[in-house]
file query_16.txt (compact mmCIF, C-alpha atoms and all ligand atoms)
# COMPACT_ATOMS: atom_id res chain seq x y z
CA MET R 538 30.80 55.29 46.49
CA ASP R 539 28.06 52.98 47.65
CA ILE R 540 25.84 52.06 44.69
CA ARG R 541 22.80 52.99 46.78
CA ARG R 542 23.90 56.62 46.37
CA LEU R 543 22.31 56.41 42.90
CA ALA R 544 19.04 57.29 44.61
CA ASP R 545 20.58 60.51 46.00
CA LEU R 546 22.02 61.38 42.60
CA GLU R 547 18.61 60.91 41.02
CA GLU R 548 17.00 63.08 43.65
CA GLU R 549 19.54 65.88 43.13
CA ILE R 550 19.34 65.76 39.37
CA GLY R 551 15.56 65.78 39.61
CA ARG R 552 15.69 68.99 41.60
CA ILE R 553 17.62 70.96 38.95
CA PRO R 554 14.67 71.74 36.63
CA LEU R 555 12.61 72.83 39.63
CA GLU R 556 15.22 75.47 40.38
CA GLY R 557 14.34 77.09 37.10
CA LYS R 558 17.76 77.32 35.53
CA ALA R 559 17.47 74.53 32.99
CA GLY R 560 15.22 75.02 30.01
CA SER R 561 13.26 72.24 28.37
CA PHE R 562 15.99 71.88 25.74
CA ILE R 563 18.58 71.05 28.37
CA ARG R 564 16.20 68.81 30.32
CA ASN R 565 15.31 66.78 27.26
CA GLU R 566 18.80 66.41 25.88
CA TYR R 567 21.01 66.13 28.96
CA MET R 568 19.12 64.63 31.83
CA GLU R 569 18.36 61.13 30.66
CA TYR R 570 19.99 58.64 33.04
CA ASP R 571 19.16 55.22 34.35
CA PHE R 572 19.41 55.41 38.15
CA SER R 573 17.98 51.97 38.87
CA ILE R 574 20.20 50.05 41.28
CA PRO R 575 21.70 47.02 39.52
CA VAL R 576 21.64 43.73 41.41
CA ASP R 577 25.16 42.60 40.50
CA PHE R 578 27.06 45.73 41.51
CA LYS R 579 27.87 47.26 44.89
CA SER R 580 29.86 50.43 44.31
CA ILE R 581 30.53 53.25 41.88
CA LEU R 582 34.11 53.97 40.92
CA VAL R 583 34.81 57.50 39.67
CA ILE R 584 38.07 58.16 37.87
CA SER R 585 39.67 61.22 36.31
CA PHE R 586 42.53 61.32 33.84
CA PRO R 587 44.23 64.34 32.27
CA GLN R 588 42.85 65.34 28.89
CA PRO R 589 43.97 68.72 27.54
CA HIS R 590 41.91 70.81 25.19
CA ALA R 591 42.66 69.87 21.60
CA TYR R 592 42.54 71.57 18.24
CA VAL R 593 42.25 70.53 14.63
CA GLU R 594 44.20 72.55 12.08
CA LEU R 595 41.89 73.71 9.32
CA GLU R 596 43.60 74.68 6.08
CA THR R 597 41.38 77.41 4.69
CA GLU R 598 41.98 79.73 1.76
CA LYS R 599 42.58 82.53 4.31
CA GLY R 600 45.25 80.52 6.16
CA VAL R 601 45.36 77.87 8.86
CA LEU R 602 42.64 78.18 11.53
CA LYS R 603 42.26 76.21 14.72
CA GLY R 604 39.00 74.41 15.37
CA MET R 605 38.96 73.85 19.12
CA ILE R 606 37.71 70.74 20.95
CA PRO R 607 37.29 71.05 24.75
CA SER R 608 38.34 68.21 27.06
CA GLY R 609 35.75 65.48 27.28
CA TYR R 610 34.72 65.73 23.64
CA TYR R 611 37.32 63.42 22.14
CA ASN R 612 38.51 59.96 22.98
CA GLY R 613 41.76 58.75 21.45
CA ASP R 614 43.91 55.79 22.39
CA GLN R 615 44.69 57.13 25.86
CA ALA R 616 41.05 57.34 26.98
CA VAL R 617 40.16 53.96 25.50
CA GLY R 618 43.30 52.39 27.03
CA ILE R 619 42.51 53.73 30.51
CA ARG R 620 38.92 52.47 30.43
CA ASP R 621 40.02 49.05 29.18
CA ALA R 622 42.72 48.90 31.86
CA VAL R 623 40.15 49.56 34.61
CA ILE R 624 37.88 46.77 33.38
CA GLU R 625 40.78 44.32 32.88
CA THR R 626 42.20 45.06 36.33
CA PHE R 627 38.88 44.21 37.95
CA GLU R 628 38.56 41.02 35.87
CA ARG R 629 42.10 39.91 36.73
CA ASN R 630 41.15 40.16 40.40
CA GLY R 631 37.93 38.20 40.07
CA GLU R 632 35.71 41.30 40.14
CA LYS R 633 33.66 43.17 37.55
CA ALA R 634 33.57 46.81 36.43
CA LYS R 635 31.17 48.24 33.87
CA ARG R 636 31.39 51.74 32.42
CA MET R 637 28.20 53.74 33.00
CA HIS R 638 26.56 56.90 31.70
CA LEU R 639 25.87 59.04 34.79
CA PRO R 640 25.79 62.78 35.61
CA MET R 641 29.57 62.98 35.84
CA LYS R 642 30.05 66.49 37.21
CA LEU R 643 27.68 65.87 40.10
CA LEU R 644 29.10 62.41 40.73
CA GLY R 645 32.68 63.76 40.67
CA ALA R 646 31.77 66.42 43.25
CA ARG R 647 29.86 64.06 45.55
CA SER R 648 32.69 61.52 45.39
CA GLY R 649 35.08 64.24 46.57
CA LEU R 650 37.30 63.78 43.52
CA THR R 651 36.36 67.09 41.88
CA LYS R 652 34.96 70.48 42.75
CA TYR R 653 32.81 72.85 40.72
CA GLY R 654 34.24 76.03 39.32
CA LYS R 655 32.01 79.10 39.02
CA ASN R 656 31.72 78.16 35.33
CA ASN R 657 29.95 74.91 36.34
CA ILE R 658 32.89 72.85 35.10
CA SER R 659 34.51 70.04 37.10
CA TYR R 660 37.95 70.79 38.44
CA VAL R 661 40.47 68.28 39.68
CA GLU R 662 43.65 69.00 41.57
CA LYS R 663 46.68 69.53 39.32
CA PHE R 664 44.87 69.38 35.95
CA GLY R 665 42.31 72.14 36.40
CA SER R 666 39.35 71.51 34.12
CA GLN R 667 41.42 69.73 31.48
CA HIS R 668 40.60 66.21 32.49
CA ARG R 669 37.99 63.57 31.80
CA LEU R 670 35.69 61.88 34.29
CA ASN R 671 34.45 58.33 33.86
CA ALA R 672 32.27 56.17 36.08
CA PHE R 673 32.03 52.41 36.50
CA TYR R 674 29.74 50.17 38.48
CA THR R 675 31.86 47.62 40.31
CA THR R 676 31.32 44.45 42.31
CA LEU R 677 33.61 45.68 45.11
CA GLU R 678 32.09 46.55 48.47
CA PRO R 679 32.48 50.29 49.10
CA SER R 680 35.10 50.89 51.77
CA GLU R 681 33.21 53.86 53.21
CA ASP R 682 30.12 55.92 52.50
CA VAL R 683 31.41 58.90 50.55
CA TRP R 684 29.05 61.82 49.89
CA GLU R 685 30.93 65.10 49.76
CA LEU R 686 28.92 68.30 50.10
CA GLU R 687 31.77 70.83 49.96
CA GLU R 688 31.60 71.17 46.22
CA ASP R 689 32.77 74.62 45.11
CA LEU R 690 36.30 75.87 44.46
CA GLU R 691 37.38 78.42 47.01
CA ILE R 692 39.46 80.44 44.53
CA CYS R 693 36.28 81.38 42.63
CA GLN R 694 35.16 83.64 45.48
CA SER R 695 37.87 86.11 44.50
CA CYS R 696 37.96 85.54 40.72
CA GLN R 697 35.50 86.63 38.05
CA ALA R 698 37.53 85.68 34.97
CA CYS R 699 35.04 83.17 33.57
CA ALA R 700 32.01 85.38 34.28
CA GLU R 701 33.71 88.18 32.35
CA ALA R 702 34.86 85.91 29.49
CA CYS R 703 31.47 84.32 28.74
CA PRO R 704 30.09 86.14 25.69
CA TYR R 705 26.50 85.37 26.73
CA GLY R 706 26.41 86.33 30.39
CA ALA R 707 25.68 82.74 31.40
CA ILE R 708 27.86 82.92 34.52
CA PRO R 709 26.53 85.16 37.28
CA LYS R 710 29.23 86.99 39.21
CA SER R 711 27.58 86.53 42.56
CA GLU R 712 26.57 82.86 42.66
CA PHE R 713 27.59 79.35 41.70
CA LEU R 714 24.77 78.54 39.35
CA LEU R 715 25.22 78.57 35.62
CA ASP R 716 22.31 79.91 33.61
CA THR R 717 22.14 76.90 31.33
CA ASN R 718 19.60 78.61 29.12
CA ARG R 719 22.28 81.16 28.16
CA CYS R 720 25.19 78.70 27.81
CA LEU R 721 25.88 78.21 24.10
CA SER R 722 27.86 75.05 24.75
CA PHE R 723 24.65 73.05 25.10
CA TYR R 724 23.31 74.35 21.80
CA LEU R 725 26.55 73.73 19.91
CA ASP R 726 26.19 70.04 20.80
CA PHE R 727 23.03 69.69 18.71
CA GLU R 728 22.05 70.52 15.14
CA ASP R 729 18.95 72.52 16.11
CA PRO R 730 19.07 76.20 15.12
CA LEU R 731 21.24 78.29 17.46
CA PRO R 732 19.52 80.88 19.69
CA GLU R 733 19.04 84.40 18.33
CA TRP R 734 21.48 85.77 20.95
CA THR R 735 24.40 83.73 19.51
CA ASN R 736 27.52 85.79 18.83
CA TYR R 737 28.86 84.03 15.74
CA SER R 738 32.17 85.90 15.81
CA LYS R 739 32.99 84.12 19.10
CA ILE R 740 32.54 80.55 17.89
CA ASN R 741 35.91 78.81 17.61
CA THR R 742 34.98 75.28 18.70
CA LEU R 743 33.96 72.28 16.58
CA VAL R 744 31.78 71.19 19.48
CA GLY R 745 31.03 72.70 22.90
CA CYS R 746 32.47 76.05 23.98
CA ASP R 747 35.52 76.81 26.10
CA HIS R 748 35.88 80.59 26.59
CA CYS R 749 35.16 80.20 30.30
CA GLN R 750 37.89 77.57 30.68
CA ASP R 751 40.56 79.18 28.51
CA CYS R 752 40.62 82.24 30.75
CA CYS R 753 40.72 80.29 34.03
CA PRO R 754 43.88 80.70 36.11
CA LEU R 755 43.66 77.05 37.12
CA ASN R 756 44.26 76.11 33.49
CA ALA R 757 47.16 78.53 33.03
CA SER R 758 49.79 75.83 32.67
CA ALA R 759 47.71 73.56 30.42
CA GLU R 760 48.96 72.95 26.91
CA MET R 761 46.67 72.21 24.01
CA VAL R 762 47.26 69.15 21.86
CA GLN R 763 46.83 68.91 18.12
CA TRP R 764 44.12 66.38 17.39
CA GLY R 765 44.48 66.41 13.61
CA ARG R 766 44.50 68.43 10.41
CA ILE R 767 42.00 68.91 7.61
CA PRO R 768 43.78 69.89 4.39
CA CYS R 769 42.27 72.57 2.13
CA GLY R 770 40.89 70.14 -0.49
CA GLN R 771 39.15 68.03 2.17
CA LEU R 772 37.80 71.12 3.90
CA GLN R 773 36.22 72.40 0.67
CA GLU R 774 34.76 68.97 0.04
CA ILE R 775 33.17 68.89 3.52
CA LEU R 776 31.81 72.42 3.28
CA GLY R 777 30.26 71.53 -0.08
CA SER R 778 28.57 68.28 0.92
CA ASP R 779 25.96 67.61 3.55
CA ASN R 780 26.14 63.88 2.88
CA TYR R 781 29.02 62.03 4.52
CA ASP R 782 28.76 59.15 2.04
CA ASP R 783 29.42 61.50 -0.89
CA LEU R 784 32.88 62.44 0.44
CA SER R 785 36.04 60.93 -1.06
CA GLU R 786 37.51 57.92 0.68
CA GLU R 787 40.51 59.97 1.81
CA THR R 788 38.29 62.57 3.50
CA ARG R 789 36.12 59.94 5.14
CA THR R 790 39.23 58.18 6.46
CA ASN R 791 40.49 61.43 7.99
CA LEU R 792 37.12 62.21 9.59
CA LYS R 793 36.88 58.69 10.95
CA MET R 794 40.32 59.03 12.49
CA LEU R 795 39.26 62.33 14.09
CA GLY R 796 36.02 60.76 15.36
CA PHE R 797 33.77 63.18 13.41
CA ASP R 798 32.18 60.56 11.16
CA ASP R 799 29.48 59.63 13.68
CA TRP R 800 28.14 63.18 14.00
CA TYR R 801 28.99 64.55 10.56
CA GLY R 802 26.00 66.90 10.29
CA LEU R 803 26.74 68.68 13.57
CA PHE R 804 30.48 68.76 12.93
CA ARG R 805 29.90 70.30 9.48
CA ARG R 806 27.52 72.95 10.86
CA ASN R 807 30.05 73.98 13.52
CA LEU R 808 32.98 73.77 11.09
CA LYS R 809 31.20 76.26 8.82
CA LEU R 810 30.75 78.62 11.77
CA VAL R 811 34.42 78.38 12.73
CA CYS R 812 35.60 78.94 9.12
CA HIS R 813 33.26 81.86 8.40
CA ARG R 814 33.43 83.83 11.62
S1 LIG S 1 30.67 77.25 27.87
FE1 LIG S 1 30.68 79.17 26.69
S2 LIG S 1 28.57 79.91 26.76
FE2 LIG S 1 28.79 78.38 28.40
S3 LIG S 1 29.32 79.54 30.19
FE3 LIG S 1 31.24 78.91 29.26
S4 LIG S 1 31.81 80.64 27.91
FE4 LIG S 1 29.66 80.88 28.47
S1 LIG S 2 37.94 81.52 35.99
FE1 LIG S 2 38.12 82.05 38.18
S2 LIG S 2 35.99 82.06 38.92
FE2 LIG S 2 36.01 80.95 36.98
S3 LIG S 2 36.26 78.78 37.49
FE3 LIG S 2 38.32 79.60 37.11
S4 LIG S 2 39.05 80.25 39.12
FE4 LIG S 2 36.83 80.00 39.30
call {"tool": "encode", "arguments": {"input": "query_16.txt", "output": "structure tokens"}}
result
Amino acid sequence: MDIRRLADLEEEIGRIPLEGKAGSFIRNEYMEYDFSIPVDFKSILVISFPQPHAYVELETEKGVLKGMIPSGYYNGDQAVGIRDAVIETFERNGEKAKRMHLPMKLLGARSGLTKYGKNNISYVEKFGSQHRLNAFYTTLEPSEDVWELEEDLEICQSCQACAEACPYGAIPKSEFLLDTNRCLSFYLDFEDPLPEWTNYSKINTLVGCDHCQDCCPLNASAEMVQWGRIPCGQLQEILGSDNYDDLSEETRTNLKMLGFDDWYGLFRRNLKLVCHR
């Protein structure tokens, strides 16, 4: 895409709060982007790579539970390797690419790479919603001016699976506009108290929420991957300590490997919910 399309992205993102579906919580936490047009770059490259939903095995006293992690919430060697490969490929060819934080779902749709499902998730051909979008500014001239307005999946007109699966009624049956104020996924990403309408028996994710993706026919062939395991002793240690630095070295090493060390407080809050539901 032409880098000047940043102005259109900004304009579209700016319109969302005016449509009354995003509360102040969502606006403050999710809509902070830098849309200024950089002098050195000419285009935006949008890529998608497959990333299945993952789970961490949790050894509890009641048995082994699965703590789910939706696509997009974990990195791993594959994601890092792909991003590095993009940047190195540009450098090898005398160009530059720089990874950027942008509104990925909107950018994916406008680039024509993805479409929106009724659940407001990005879908890509072949991998359903189990993929990861990344964006880079590049020094390449854009080959054409891409700005795709056909953004919704056709199949959703005759399917209500996600609207029926959402425990909070966040997905209207009749329109393509998620009620973000009722989507628990946003709240599970932050340590603030959860809304009073939360159904705790439905929380099975260590971050985010994926009921509306698990039920989707476009994800029917997707297989989950195991992201790691937290043995019983480590689990008890984590549940008993709100201070990451007080954990044993072995537990800290495991959490670091899983990528939970950077957001220990939130991970621990959600872990407790998954274990006690
Ligand atoms: S992420 Fe969870 S809360 Fe949000 S729409 Fe999907 S099922 Fe509902
Ligand atoms: S569950 Fe059905 S309606 Fe929802 S995104 Fe998937 S195909 Fe569309």
call {"tool": "residues_near_ligand", "arguments": {"input": "query_16.txt", "ligand": "ligand LIG 1 (chain S)", "cutoff": "8 Å", "atoms": "all atoms listed in the file", "output": "PDB file with C-alpha atoms, in the coordinates of the input"}}
result
ATOM      1  CA  ASN R 656      31.720  78.160  35.330  1.00  0.00           C
ATOM      2  CA  ASN R 657      29.950  74.910  36.340  1.00  0.00           C
ATOM      3  CA  CYS R 699      35.040  83.170  33.570  1.00  0.00           C
ATOM      4  CA  ALA R 700      32.010  85.380  34.280  1.00  0.00           C
ATOM      5  CA  ALA R 702      34.860  85.910  29.490  1.00  0.00           C
ATOM      6  CA  CYS R 703      31.470  84.320  28.740  1.00  0.00           C
ATOM      7  CA  PRO R 704      30.090  86.140  25.690  1.00  0.00           C
ATOM      8  CA  TYR R 705      26.500  85.370  26.730  1.00  0.00           C
ATOM      9  CA  GLY R 706      26.410  86.330  30.390  1.00  0.00           C
ATOM     10  CA  ALA R 707      25.680  82.740  31.400  1.00  0.00           C
ATOM     11  CA  ILE R 708      27.860  82.920  34.520  1.00  0.00           C
ATOM     12  CA  LEU R 715      25.220  78.570  35.620  1.00  0.00           C
ATOM     13  CA  ASP R 716      22.310  79.910  33.610  1.00  0.00           C
ATOM     14  CA  THR R 717      22.140  76.900  31.330  1.00  0.00           C
ATOM     15  CA  ARG R 719      22.280  81.160  28.160  1.00  0.00           C
ATOM     16  CA  CYS R 720      25.190  78.700  27.810  1.00  0.00           C
ATOM     17  CA  LEU R 721      25.880  78.210  24.100  1.00  0.00           C
ATOM     18  CA  SER R 722      27.860  75.050  24.750  1.00  0.00           C
ATOM     19  CA  PHE R 723      24.650  73.050  25.100  1.00  0.00           C
ATOM     20  CA  GLY R 745      31.030  72.700  22.900  1.00  0.00           C
ATOM     21  CA  CYS R 746      32.470  76.050  23.980  1.00  0.00           C
ATOM     22  CA  ASP R 747      35.520  76.810  26.100  1.00  0.00           C
ATOM     23  CA  HIS R 748      35.880  80.590  26.590  1.00  0.00           C
ATOM     24  CA  CYS R 749      35.160  80.200  30.300  1.00  0.00           C
ATOM     25  CA  GLN R 750      37.890  77.570  30.680  1.00  0.00           C
TER      26      GLN R 750
END
call {"tool": "closest_residue", "arguments": {"input": "query_16.txt", "among": "R:Pro754, R:Gly609, R:Pro640, R:Gly802", "to": "ligand LIG 2 (chain S)", "atoms": "all atoms listed in the file"}}
result
R:Pro754
call {"tool": "residues_around", "arguments": {"input": "query_16.txt", "residues": "Asn780 in chain R", "least_positions_apart": "5", "cutoff": "10 Å", "atoms": "only C-alpha atoms", "output": "list in words"}}
result
Ile775, Tyr801, Gly802 and Arg805 of chain R
call {"tool": "residues_around", "arguments": {"input": "query_16.txt", "residues": "Glu628 in chain R", "least_positions_apart": "6", "cutoff": "12 Å", "atoms": "all atoms listed in the file", "output": "list in words"}}
result
Asp621, Ala622, Ala634, Lys635, Thr675, Thr676 and Leu677 of chain R
call {"tool": "write_last_selection", "arguments": {"input": "query_16.txt", "atoms": "C-alpha atoms", "output": "compact mmCIF listing (two decimals), in the frame of the given file"}}
result
# COMPACT_ATOMS: atom_id res chain seq x y z
CA ASP R 621 40.02 49.05 29.18
CA ALA R 622 42.72 48.90 31.86
CA ALA R 634 33.57 46.81 36.43
CA LYS R 635 31.17 48.24 33.87
CA THR R 675 31.86 47.62 40.31
CA THR R 676 31.32 44.45 42.31
CA LEU R 677 33.61 45.68 45.11
call {"tool": "closest_residue", "arguments": {"input": "query_16.txt", "among": "R:Glu598, R:Glu712, R:Glu681, R:Asp571", "to": "ligand LIG 2 (chain S)", "atoms": "all atoms listed in the file"}}
result
R:Glu712
call {"tool": "residues_near_ligand", "arguments": {"input": "query_16.txt", "ligand": "ligand LIG 2 (chain S)", "cutoff": "9 Å", "atoms": "only C-alpha atoms and all ligand atoms", "output": "number ranges by chain"}}
result
R: 653-660, 665-666, 689-702, 708, 710, 749-756
call {"tool": "atom_distance", "arguments": {"input": "query_16.txt", "atom1": "CA of Pro587 in chain R", "atom2": "CA of Asn630 in chain R"}}
result
25.7 Å
call {"tool": "residues_around", "arguments": {"input": "query_16.txt", "residues": "Gly613 in chain R", "least_positions_apart": "4", "cutoff": "12 Å", "atoms": "all atoms listed in the file", "output": "count of residues only"}}
result
17
call {"tool": "closest_residue", "arguments": {"input": "query_16.txt", "among": "R:Pro730, R:Gly649, R:Gly604, R:Pro679", "to": "Val811 in chain R", "atoms": "only C-alpha atoms"}}
result
R:Gly604
call {"tool": "closest_residue", "arguments": {"input": "query_16.txt", "among": "R:Glu662, R:Asp539, R:Glu625, R:Glu687", "to": "Ser585 in chain R", "atoms": "only C-alpha atoms"}}
result
R:Glu662
call {"tool": "atom_distance", "arguments": {"input": "query_16.txt", "atom1": "CA of Leu772 in chain R", "atom2": "CA of Leu808 in chain R"}}
result
9.1 Å
call {"tool": "closest_residue", "arguments": {"input": "query_16.txt", "among": "R:Glu678, R:Glu760, R:Asp729, R:Glu685", "to": "Arg541 in chain R", "atoms": "all atoms listed in the file"}}
result
R:Glu678
call {"tool": "atom_distance", "arguments": {"input": "query_16.txt", "atom1": "CA of Pro768 in chain R", "atom2": "CA of Tyr724 in chain R"}}
result
27.2 Å
call {"tool": "closest_residue", "arguments": {"input": "query_16.txt", "among": "R:Thr735, R:Ile540, R:Asn741, R:Ile767", "to": "Asp577 in chain R", "atoms": "all atoms listed in the file"}}
result
R:Ile540
call {"tool": "residues_around", "arguments": {"input": "query_16.txt", "residues": "Tyr570 in chain R", "least_positions_apart": "4", "cutoff": "9 Å", "atoms": "only C-alpha atoms", "output": "list in words"}}
result
Glu547, His638, Leu639 and Pro640 of chain R
call {"tool": "axis_aligned_box", "arguments": {"input": "query_16.txt", "around": "range 625-628 of chain R", "padding_each_side": "8 Å", "output": "AutoDock Vina command-line options"}}
result
--center_x 40.4 --center_y 43.0 --center_z 35.4 --size_x 19.6 --size_y 20.0 --size_z 21.1
